[in-house]
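Read through the structure below, which is laid out as structure tokens, and then see the notes.
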Amino acid sequence: MKTLRLTFESFRFAWQALRANLLRTVLSLLGVTVGIFAIIAVFAVVDSLEANVRQSMSFVGDKVIYVQKWPWAFGGDYPWWKYFNRPNPSIQEFRELQRMLSPENNRGVAVFAARGGNTLKAGNNSVESIAVQGVTIDYRLISDVPVQEGRYFTAQEMDAARNVAIVGYEIAHNLYPNGSALGQEFRTHGQKFNIIGVMQKEGKKLLDTPSNDTNCLVPLSAFTKMFALSTGSGGGAQATIGIKGVDSDPGMLNLESEVQGAMRTIRGLKPREEDSFALNRPEMLANAISQLFSIIGIAGAVIGSFAILVGGFGIANIMFVSVKERTNIIGIQKSLGAKNYFILFQFLFEAVFLCLLGGGAGIFLVYLITLIPQDAMPIFLSAGNIALGLTVSVVIGVLAGIIPAVMAANLDPVIAIRSK
């Protein structure tokens with residue numbers, strides 16, 4: 001009870017002091033408000049940007065190993081001449097991998113190929129710049145296929161090379177604006193396809209990455225009726241083999257080792273020969289994104305720290321002035337039996353309370369920014385950033401108020417009472 005009473009008394013003293021000097025309080029709050037706003041706004045934008053970039057890159061899937069000709073690389077020199085003459089993955093290699101890989105290490109193996117810049121026609125309506133992608137039955141395990149209307153392909157449709165398709169929202173809306181596209185037909189490259197599924201709308205992405213809205217999925221066997229698959233450095237659509245990992249192998253080390261050994265066996269590579277293929281994993285993109293945004297976050301924190309430093313000096317200045325103005329009251333309190341720690345806590349609480357007001361105002365301004373409609377990159381304020389802003393406010397309040405509070409606690413009561 002004594003602790004609660006002292007806390008309440010400290011809060012009352014702090015509130016009275018702030019109300020008595022409202023203009024000075026507001027001006028001091030501005031420094032902390034701007035500092036917290038700068039730091040939290042930077043972190044909120046960085047977090048939102050990273051989340052949107054990751055969402056834009058979600059088409060690569062999770063826990064997947066891709067067998068491709070070209071390795072993914074970020075920064076530095078890229079020895080493209082080493083990879084140029086590599087053969088592309090083939091359907092035969094896909095079938096061999098299906099046979100050789102252990103079911104305990106993978107959930108499914110798929111091969112797919114894409115060709116962009118296609119025109120789809122239905123009656124008098126047409127849609128251009130469409131990516132037509134040929135896939136096998138396990139493709140939905142490799143990458144998300146959010147079918148909103150209709151269904152996914154069946155194994156019979158895949159084996160029989162039937163001309164069926166799953167189209168994106170934009171394709172369906174443009175070809176059949178007045179009704180459902182499900183069960184309707186379209187033509188492309190001299191082939192007629194029946195729409196068996198429509199994917200849900202994704203909307204605009206931050207990055208110009210493949211979107212399901214303009215994507216058309218067909219069985220790979222039907223895809224090869226229109227496009228030849230490239231086997232080497234020549235033309236044609238390049239196939240990619242994707243292998244979905246299992247939860248029991250979180251690092252996918254077992255799967256990666258097995259796939260590497262199987263591909264070397266399939267291609268007849270000697271022990272000392274380099275791999276003639278690349279094993280790419282989405283974690284490569286995730287790590288590159290994390291490193292980039294960690295650097296941006298550090299740079300933003302350094303910039304914001306200068307603003308909060310100015311605010312901290314402003315709080316320290318107002319606390320020194322407050323101690324000077326209330327020296328006589330401090331003497332009276334100590335003569336009536338107030339302990340040094342009570343005086344210390346009283347001024348320290350005032351400094352922290354002042355910083356929390358400024359920090360709360362800065363966080364509120366960031367929240368107002370998140371309410372502005374954003375199509376490409378919606379900004380959000382996470383609970384972690386709110387906690388960070390309040391924590392920084394408390395720390396700044398303690399640092400800015402500790403020296404004035406110690407000075408007030410150590411005042412001689414006789415000298416303090418005589419002061420004017």
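Following the order of the structure tokens, chains are lettered A, B, ..., residues in each are numbered from 1, and ligands are numbered from 1.
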Contacts of Gly358 of chain A within 12 Å, only C-alpha atoms, excl. fewer than 2 positions in-chain, as a PyMOL selection string: chain A and resi 25-37+308+311-312+314-315+351-356+360-365+389-390+392-394+396-397
Selection: 9 Å around Phe227 of chain A, only C-alpha atoms, excl. self and same-chain fewer than 5 positions, as an NGL selection string: :A and (115 or 236-237)
Keeping only N, CA and C atoms, write those residues as a PDB file, in the first residue's frame.
ATOM      1  N   ARG A 115       5.462 -20.065 -70.730  1.00  0.00           N
ATOM      2  CA  ARG A 115       5.763 -19.190 -71.869  1.00  0.00           C
ATOM      3  C   ARG A 115       4.835 -17.980 -71.760  1.00  0.00           C
ATOM      4  N   GLY A 236      12.831 -22.360 -77.039  1.00  0.00           N
ATOM      5  CA  GLY A 236      11.871 -23.240 -76.411  1.00  0.00           C
ATOM      6  C   GLY A 236      11.662 -22.893 -74.949  1.00  0.00           C
ATOM      7  N   ALA A 237      10.603 -23.457 -74.388  1.00  0.00           N
ATOM      8  CA  ALA A 237      10.297 -23.220 -72.980  1.00  0.00           C
ATOM      9  C   ALA A 237      11.205 -24.068 -72.104  1.00  0.00           C
TER      10      ALA A 237
END
Sel. of strand (DSSP E) residues, segment 168-409 of chain A, as a PyMOL selection string: chain A and resi 185-188+191-199+215-219+240-245+278-280
Could you dump the residues just selected with N, CA and C atoms as an mmCIF file, in the first residue's frame?
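Wrote result37.cif, looks like this:
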data_model
loop_
_atom_site.group_PDB
_atom_site.id
_atom_site.type_symbol
_atom_site.label_atom_id
_atom_site.label_comp_id
_atom_site.auth_asym_id
_atom_site.auth_seq_id
_atom_site.Cartn_x
_atom_site.Cartn_y
_atom_site.Cartn_z
ATOM 1 N N GLU A 185 -15.046 -21.761 -72.857
ATOM 2 C CA GLU A 185 -13.876 -22.108 -73.666
ATOM 3 C C GLU A 185 -13.129 -20.857 -74.110
ATOM 4 N N PHE A 186 -11.865 -21.038 -74.442
ATOM 5 C CA PHE A 186 -11.061 -19.993 -75.073
ATOM 6 C C PHE A 186 -10.086 -20.669 -76.029
ATOM 7 N N ARG A 187 -9.513 -19.866 -76.925
ATOM 8 C CA ARG A 187 -8.563 -20.393 -77.903
ATOM 9 C C ARG A 187 -7.228 -19.670 -77.776
ATOM 10 N N THR A 188 -6.162 -20.402 -77.987
ATOM 11 C CA THR A 188 -4.820 -19.830 -78.039
ATOM 12 C C THR A 188 -3.912 -20.766 -78.812
ATOM 13 N N GLN A 191 -5.337 -23.912 -80.367
ATOM 14 C CA GLN A 191 -5.903 -24.938 -79.497
ATOM 15 C C GLN A 191 -7.091 -24.365 -78.732
ATOM 16 N N LYS A 192 -8.125 -25.193 -78.541
ATOM 17 C CA LYS A 192 -9.304 -24.795 -77.774
ATOM 18 C C LYS A 192 -9.238 -25.442 -76.390
ATOM 19 N N PHE A 193 -9.392 -24.620 -75.349
ATOM 20 C CA PHE A 193 -9.297 -25.102 -73.971
ATOM 21 C C PHE A 193 -10.611 -24.857 -73.233
ATOM 22 N N ASN A 194 -10.956 -25.807 -72.376
ATOM 23 C CA ASN A 194 -12.135 -25.686 -71.523
ATOM 24 C C ASN A 194 -11.694 -25.257 -70.118
ATOM 25 N N ILE A 195 -12.339 -24.226 -69.566
ATOM 26 C CA ILE A 195 -11.981 -23.697 -68.249
ATOM 27 C C ILE A 195 -12.651 -24.550 -67.176
ATOM 28 N N ILE A 196 -11.824 -25.205 -66.344
ATOM 29 C CA ILE A 196 -12.353 -26.043 -65.263
ATOM 30 C C ILE A 196 -12.155 -25.401 -63.892
ATOM 31 N N GLY A 197 -11.406 -24.308 -63.833
ATOM 32 C CA GLY A 197 -11.152 -23.647 -62.557
ATOM 33 C C GLY A 197 -10.771 -22.199 -62.736
ATOM 34 N N VAL A 198 -11.154 -21.368 -61.774
ATOM 35 C CA VAL A 198 -10.794 -19.944 -61.753
ATOM 36 C C VAL A 198 -10.132 -19.650 -60.410
ATOM 37 N N MET A 199 -8.940 -19.069 -60.452
ATOM 38 C CA MET A 199 -8.214 -18.761 -59.217
ATOM 39 C C MET A 199 -8.704 -17.452 -58.606
ATOM 40 N N ASN A 215 -2.307 -15.631 -64.980
ATOM 41 C CA ASN A 215 -1.667 -16.927 -65.183
ATOM 42 C C ASN A 215 -2.698 -17.942 -65.665
ATOM 43 N N CYS A 216 -2.291 -18.780 -66.595
ATOM 44 C CA CYS A 216 -3.166 -19.812 -67.134
ATOM 45 C C CYS A 216 -2.444 -21.151 -67.009
ATOM 46 N N LEU A 217 -2.993 -22.049 -66.200
ATOM 47 C CA LEU A 217 -2.396 -23.362 -65.995
ATOM 48 C C LEU A 217 -3.069 -24.393 -66.887
ATOM 49 N N VAL A 218 -2.255 -25.199 -67.565
ATOM 50 C CA VAL A 218 -2.749 -26.290 -68.397
ATOM 51 C C VAL A 218 -1.899 -27.523 -68.107
ATOM 52 N N PRO A 219 -2.389 -28.728 -68.415
ATOM 53 C CA PRO A 219 -1.534 -29.911 -68.257
ATOM 54 C C PRO A 219 -0.284 -29.792 -69.127
ATOM 55 N N THR A 240 11.333 -26.758 -65.394
ATOM 56 C CA THR A 240 11.866 -26.735 -64.032
ATOM 57 C C THR A 240 11.263 -27.897 -63.258
ATOM 58 N N ILE A 241 12.099 -28.590 -62.522
ATOM 59 C CA ILE A 241 11.621 -29.676 -61.674
ATOM 60 C C ILE A 241 11.583 -29.174 -60.235
ATOM 61 N N GLY A 242 10.445 -29.365 -59.577
ATOM 62 C CA GLY A 242 10.289 -28.948 -58.191
ATOM 63 C C GLY A 242 10.011 -30.134 -57.294
ATOM 64 N N ILE A 243 10.689 -30.202 -56.158
ATOM 65 C CA ILE A 243 10.493 -31.291 -55.194
ATOM 66 C C ILE A 243 10.066 -30.683 -53.868
ATOM 67 N N LYS A 244 8.932 -31.105 -53.347
ATOM 68 C CA LYS A 244 8.401 -30.598 -52.082
ATOM 69 C C LYS A 244 8.959 -31.404 -50.924
ATOM 70 N N GLY A 245 9.551 -30.703 -49.933
ATOM 71 C CA GLY A 245 10.118 -31.366 -48.778
ATOM 72 C C GLY A 245 9.074 -31.754 -47.753
ATOM 73 N N ALA A 278 21.564 -26.905 -61.188
ATOM 74 C CA ALA A 278 21.529 -26.072 -59.979
ATOM 75 C C ALA A 278 20.364 -26.499 -59.111
ATOM 76 N N LEU A 279 20.601 -26.561 -57.808
ATOM 77 C CA LEU A 279 19.540 -26.832 -56.840
ATOM 78 C C LEU A 279 19.240 -25.521 -56.110
ATOM 79 N N ASN A 280 18.117 -24.934 -56.436
ATOM 80 C CA ASN A 280 17.737 -23.637 -55.867
ATOM 81 C C ASN A 280 16.638 -23.817 -54.830
#
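Every protein or nucleic acid residue with an atom no more than 10 Å from Thr370 of chain A, counting only C-alpha atoms and leaving out same-chain residues fewer than 2 positions away, appears here: A:Ala41, A:Ala44, A:Val45, A:Phe364, A:Leu365, A:Val366, A:Tyr367, A:Leu368, A:Ile372, A:Pro373, A:Gln374, A:Pro378, A:Ile379, A:Phe380, A:Leu381.
Distances from A:Glu274, A:Asp144, A:Asp249, A:Asp213 to Arg107 of chain A were compared using only C-alpha atoms, and the smallest one belongs to A:Asp249.
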Selection: 12 Å around Val406 of chain A, only C-alpha atoms, excl. self and same-chain fewer than 4 positions, as a VMD selection string: chain A and resid 319 to 320 323 340 to 348 398 to 402 410 to 411
Helix (DSSP H, G or I) positions in segment 197-272 of chain A, given as number ranges by chain: A: 212-214, 220-223, 253-266
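Going from atom CA of Ile332 of chain A to atom CA of Ala409 of chain A covers 12.5 Å.
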Atom CA of Gln238 of chain A to atom CA of Pro89 of chain A, straight-line distance in Å: 7.7 Å
